[in-house]
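Notes follow the structure.
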Amino acid sequence: MDLIFNIILKLGKVDRRWIFLTIAFVVLIPLMYPLSMPIRATATTQQVYDAIESLPSGSKVLLSCEYSPSTKPEIHPMVVSFLRHCFKNGHKIYITCLWPDGQFMAEEALEEVAEKEFDLTYGEDYVLLGFRPGNEAVVKGIVSDLRKLYTIDARGTKVTEIPMMEGINRFEDFDFLFSGSAGYPGSIEWVQYASDPTNIPMSTGTTSIQVNEIMPYVQAGQVQGILAGMPGAAEYEKLIDHPGIGTSGMDAQSVAHVVIVLFIILGNLGYFIERRREKQDRGY
Amino acid sequence: MMKDKNFLYGSIGFIFSFLVYWFLGHPYFITERFLMFVAIVGFGGILIFYTRMAQRGEDIFLRTIPGLKAVEEAVGRSTEMGKPVLFVPGIQDMDQVETVAGVIVLGHVSKMTARYETPLNVPVSRAIVMKAAREACKESYLVEGRPDMFHEDMVHYVTDEQFAYAAGVNGIMVREKPAACIYMGKFYAESLILAETGNSIGAIQIAGTASQAQIPFFVTACDYTLIGEEFFAASAYLSGKPELVGGVKGQDMIKLTIIVILIVSLFLRLAFDLNLVNINILDILST
Amino acid sequence: MLWKRQIPILIVTVIGFLTLFGWFTDQPQIKSFVDDDATQWFDILASFAIFLGGFNLLKLQTQKILRKQEGWEYSIFAVAGIFFALVAGFIIKGNPDVAWGTHVSAKGTVFKWMFTYMVAPMQATMFALLAFYVASASYRAFRIRNFEATLLLVSGIIIMLGRVPLGSAISSWFCLYLFVLFSGILINSFFKNKQYTAIFVIGGIVLVTVSGMFMGWPVDKPGVFYLPYLQEWIYKYPNVAGARSIMIGIGLGIFSTSIRYVLGIEKSYIGE
């Protein structure tokens, strides 16, 4: 018994570099040898899916990309799946970016989905308005007068020369908003300055850590559901029946979470054994 | 400080002017936001009341916040070990109130480093924050009578890019091995990277932020964490100035008012649902 | 003295009140100032201020190289990076068919190459560190020291497992058995009576087994022990309650700090 306790104690005080190595292996191996775990959509993801399904065909949807390469694994699969879902349902997509990196991410997503998969026409089926500096001032600008803010799109074409921009002058001319957000400015600014004051419905996809901040808005009905991190992306891919990076990442995430839980349990076992031994040494 | 009589006349004048404006048809006023206007004026009034109460010399009790008590200990520890203090004022610009609060705390910390002759390193992520932080440090060193110890490069710009900044600060931590790391401001995902690196070099770490998502990471990795409004109250605690202490008390009274309104609204709504009253409180509150 | 004290306070007070009360008015000029101009003025200031920061960075890194201070070799990369970005942004486009401005995200440009092959991988690498740091921080910090720490630990484990597909595969009956065992440990620590503990644990296991056999061992029932449902409940109710209260507190803190600045009570920006 003492031998087991000693082993647990040693494991409970392991150098953090062993933890890093273990995490590296448990993330890498499922990526190379997928486990194909079943994915079940949660209520909040289903809400997002239903919100888009309920839009009549040909709706004008505003997509806002505010994420960077660092949060690409979580948000990019959501944005790609969202574009697939919208194009499948025949909606028109208008893309803005509150982050400069978001424009690069949006270009990548459009290339993958709009150009290669659906072979759609720029300016008629989708348009990339691009990044503008100003954080929430951009959101306010889109609400009050979009054309004052965007005179040209991200490719240098005048907005007045883009066919699908006809009739689009302010935020209320859109039918739906989706924000792929990794921080500030992002979903909260869209809710506060755009969606809530104008009653245009919106959904969002955020990093797992941001879900806490957005959940009150989802509970209050100001946001129609939320795609929570990579699990949310995987669930959404399942709902649109097109597995992608989100789904393939879930195996690695599942195993990594289990390993972290095991480390926590090990750490606590070591802690209890040490406390017990200290008490015994003190003669209690 | 304004005399009570003058303050009273000023307040009456303000209310009277507003009433006249209201009864003249309140041109350009967005009536849907009237309740919010009343709330702001009311809460502002509560704040001013307690600020003036503190300025008159009345004793106001503030509970001890361990994180703020530890700031001076942390600077002292750095002095004993002959190592610098690292202060990170967040990664956002001066348009964020958290950054402003962080720079205020920096002013107090730099007074301590001037007093104890401890080196201070303040890497910043925005150029305007660099200027503001420099001014705060310069004034602090001047007030402490140590302008010779201040040099502009103690506050230096790294980069605007979030993770490049985190990498830069990590590099400073690993090379200079500060004995105390103080994180006060708005943080995002880089918070855990900074805190874990600080932990690995054995520094004492004190964090303060109102970024909800990052509070758990700081709580886990730092020795002391100021959560939410504790961080905004830091300047009152560290300076001890009566007007600031009164402001903290006023904040607590506003919170109490909100709690009372919440409970009353809950019962009113319940009564409305049970058809006991005709007033739907949600209609009033949503104006 | 007027320039260093009264005028800055006056500017802060006037602009502060204008921005605060400007939200309540629909007078076009004030609304335009509050909604657009004020933030745009800040952005213009920040854009010019970047030169200050850039020059400061360049100065420090160059000094490090010239004086051969510790780690000066890394400063060469910093200086080279600054100049490479300037060249890619303003001097060499790389794709002559693309206009200046749109060249930042257009295919075939040096800037786009820099973003795709340098900035993006480096950003992703730094963010990936979080996975390792979360593991080491959780391992170090999640200890059952008191009731609150235990609550944090248990809810953390429920959320971590419930969010991933593996959590959906864990039957609620397994969680129920674990619940019976841990309750047994609690009973033992309260009553310190092995008989009571044994009766409780054995009784609990028998009850769970019989119920499971009767219900056919469905994976997601009883729902209260099914990890995905439990984590959804934790997210929607205790978490939102806590998040809302922290948000209210933070909002009040921001309000109080801002009012102090606008009313001239907080004067740290002028050194007082």
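Each chain in the structure tokens gets a letter, A, B and so on, in the order shown; residues start at 1 in every chain, and ligands are counted from 1 in the order they appear.
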Segment 54-214 of chain B: residues DSSP assigns to strand (DSSP E), reported as a PDB file with C-alpha atoms, in the first residue's frame:
ATOM      1  CA  VAL B  85       8.976  45.073 -10.389  1.00  0.00           C
ATOM      2  CA  LEU B  86       7.120  44.270 -13.608  1.00  0.00           C
ATOM      3  CA  PHE B  87       3.851  46.124 -14.152  1.00  0.00           C
ATOM      4  CA  VAL B  88       1.549  45.222 -17.046  1.00  0.00           C
ATOM      5  CA  LEU B 120      10.291  49.365 -12.380  1.00  0.00           C
ATOM      6  CA  ASN B 121       9.610  47.895 -15.817  1.00  0.00           C
ATOM      7  CA  VAL B 122       6.344  48.739 -17.582  1.00  0.00           C
ATOM      8  CA  PRO B 123       5.982  47.174 -21.040  1.00  0.00           C
ATOM      9  CA  VAL B 124       2.874  48.544 -22.773  1.00  0.00           C
ATOM     10  CA  VAL B 155       7.757  52.594 -19.660  1.00  0.00           C
ATOM     11  CA  HIS B 156       8.327  51.203 -23.124  1.00  0.00           C
ATOM     12  CA  TYR B 157       6.239  50.136 -26.070  1.00  0.00           C
ATOM     13  CA  ALA B 180       6.962  40.935  -8.417  1.00  0.00           C
ATOM     14  CA  CYS B 181       4.602  40.860 -11.396  1.00  0.00           C
ATOM     15  CA  ILE B 182       1.571  43.134 -11.219  1.00  0.00           C
ATOM     16  CA  TYR B 183      -1.131  42.803 -13.882  1.00  0.00           C
ATOM     17  CA  MET B 184      -3.714  45.585 -13.725  1.00  0.00           C
ATOM     18  CA  ILE B 204       4.818  37.101  -6.450  1.00  0.00           C
ATOM     19  CA  GLN B 205       1.872  37.912  -8.716  1.00  0.00           C
ATOM     20  CA  ILE B 206      -0.974  40.346  -8.127  1.00  0.00           C
ATOM     21  CA  ALA B 207      -3.633  40.728 -10.777  1.00  0.00           C
ATOM     22  CA  GLY B 208      -6.600  43.031 -11.145  1.00  0.00           C
ATOM     23  CA  THR B 209      -9.032  42.970 -14.028  1.00  0.00           C
TER      24      THR B 209
END
Could you give me, as CSV, a per-residue list for chain C showing, wherever an atom lies at most 7 Å from an atom of chain B, the closest pair of atoms and their distance in Å to one decimal, using only C-alpha atoms and sorting by chain then residue number from low to high?
residue,atom,partner,partner_atom,distance
C:Phe24,CA,B:Ile30,CA,5.4
C:Thr25,CA,B:Phe29,CA,4.6
C:Asp26,CA,B:Tyr28,CA,5.1
C:Gln27,CA,B:Tyr28,CA,5.3
C:Ala46,CA,B:Ile128,CA,6.5
C:Ala49,CA,B:Ala127,CA,5.5
C:Ile50,CA,B:Ala127,CA,5.5
C:Leu52,CA,B:Ala127,CA,6.2
C:Gly53,CA,B:Ala127,CA,4.6
C:Asn56,CA,B:Tyr157,CA,6.4
C:Leu57,CA,B:Tyr157,CA,5.8
C:Gln123,CA,B:Phe163,CA,6.0
C:Met126,CA,B:Phe163,CA,6.1
C:Leu130,CA,B:Ile193,CA,6.5
C:Tyr133,CA,B:Glu196,CA,6.6
C:Ala137,CA,B:Ala221,CA,6.4
C:Ala141,CA,B:Thr220,CA,5.8
C:Ile246,CA,B:Gly228,CA,6.7
C:Gly249,CA,B:Glu229,CA,5.8
C:Ile250,CA,B:Gly228,CA,5.1
C:Leu252,CA,B:Gln251,CA,6.7
C:Gly253,CA,B:Glu229,CA,5.1
C:Ile254,CA,B:Val97,CA,6.3
C:Ser256,CA,B:Gln251,CA,6.7
C:Thr257,CA,B:Phe232,CA,6.9
C:Ile265,CA,B:Glu243,CA,6.8
C:Ser268,CA,B:Ile104,CA,6.4
C:Tyr269,CA,B:Ala136,CA,7.0
C:Gly271,CA,B:Glu139,CA,5.4
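The spacing separating atom CA of Arg67 of chain C from atom CA of Ala80 of chain C amounts to 17.3 Å.
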Residue list for chain A near chain B as a list in words, 8 Å, only C-alpha atoms: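 So the contacting residues turn out to be Gly183, Ile209, Gln210, Asn212 and Glu213 of chain A.
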Select from chain A every residue with an atom at most 6 Å from any atom of chain C, then for each give the shortest pair of atoms and their distance in Å to one decimal, using only C-alpha atoms, rows by chain and rising number, as CSV.
residue,atom,partner,partner_atom,distance
A:Arg16,CA,C:Ser136,CA,6.0
A:Phe20,CA,C:Phe132,CA,5.3
A:Ile39,CA,C:Pro165,CA,5.4
A:Pro69,CA,C:Ala120,CA,5.1
A:Ser70,CA,C:Ala124,CA,4.2
A:Arg155,CA,C:Thr102,CA,5.7
A:Pro216,CA,C:Val240,CA,5.7
A:Ser254,CA,C:Val164,CA,5.3
A:His257,CA,C:Met160,CA,6.0
A:Ile260,CA,C:Ala135,CA,5.7
A:Phe263,CA,C:Tyr139,CA,5.8
A:Ile264,CA,C:Tyr139,CA,4.8
A:Asn268,CA,C:Arg143,CA,5.6
Output file for the residues above (C-alpha atoms, as a PDB file, in the first residue's frame):
ATOM      1  CA  ARG A  16       5.133  20.507 -15.514  1.00  0.00           C
ATOM      2  CA  PHE A  20       3.211  19.430 -21.398  1.00  0.00           C
ATOM      3  CA  ILE A  39     -21.494  14.361 -31.649  1.00  0.00           C
ATOM      4  CA  PRO A  69      -5.296  33.053 -36.661  1.00  0.00           C
ATOM      5  CA  SER A  70      -4.885  32.382 -32.937  1.00  0.00           C
ATOM      6  CA  ARG A 155     -11.300  44.594 -53.241  1.00  0.00           C
ATOM      7  CA  PRO A 216     -26.802  36.243 -20.286  1.00  0.00           C
ATOM      8  CA  SER A 254     -12.102  14.933 -25.716  1.00  0.00           C
ATOM      9  CA  HIS A 257      -9.978  16.938 -21.344  1.00  0.00           C
ATOM     10  CA  ILE A 260      -6.474  16.962 -17.652  1.00  0.00           C
ATOM     11  CA  PHE A 263      -4.055  14.883 -13.747  1.00  0.00           C
ATOM     12  CA  ILE A 264      -6.348  16.885 -11.446  1.00  0.00           C
ATOM     13  CA  ASN A 268      -5.635  15.718  -5.393  1.00  0.00           C
TER      14      ASN A 268
END
Pairwise distance for atom CA of Thr96 of chain A and atom CA of Ser64 of chain A, rounded to one decimal in Å: 4.8 Å
Backbone-only DSSP, helix (DSSP H, G or I) members of segment 103-265 of chain C, as a PyMOL selection string: chain C and resi 103-104+110-141+147-162+165-169+172-191+194-215+223-225+227-262
Å distance separating atom CA of Glu278 of chain A from atom CA of Ser189 of chain C, one decimal place: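 Between these atoms lies a distance of 18.7 Å.
Using only C-alpha atoms, the smallest distance between any of A:Phe82, A:Tyr122, A:Phe104, A:Tyr150 and Glu53 of chain A comes from A:Phe82.
Shortest separation to Gly244 of chain A among A:Glu112, A:Asp153, A:Asp173, A:Glu189 occurs at residue A:Glu112, atoms counted being only C-alpha atoms.
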Contacts of Met253 of chain B at 8 Å (only C-alpha atoms; same-chain gap of 4+ positions) as number ranges by chain: B: 46, 249, 257
I need the residues from that last selection saved to file as a compact mmCIF listing (two decimals), in the first residue's frame (with C-alpha atoms), if you can.
# COMPACT_ATOMS: atom_id res chain seq x y z
CA ILE B 46 -25.65 59.05 -4.48
CA LYS B 249 -19.03 53.72 -0.42
CA THR B 257 -30.38 50.34 -4.33
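By only C-alpha atoms, and with residues fewer than 5 positions from Phe118 of chain A along its chain excluded, the set lying at most 10 Å from it is Arg84, Phe87, Lys88, Leu110, Glu111, Glu112 and Val113 of chain A.
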From A:Ser187, A:Gln192, A:Ser144, A:Thr22, residue lying nearest Glu172 of chain A [only C-alpha atoms]: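 Residue with the minimum atom-to-atom distance to Glu172 of chain A: A:Ser144.
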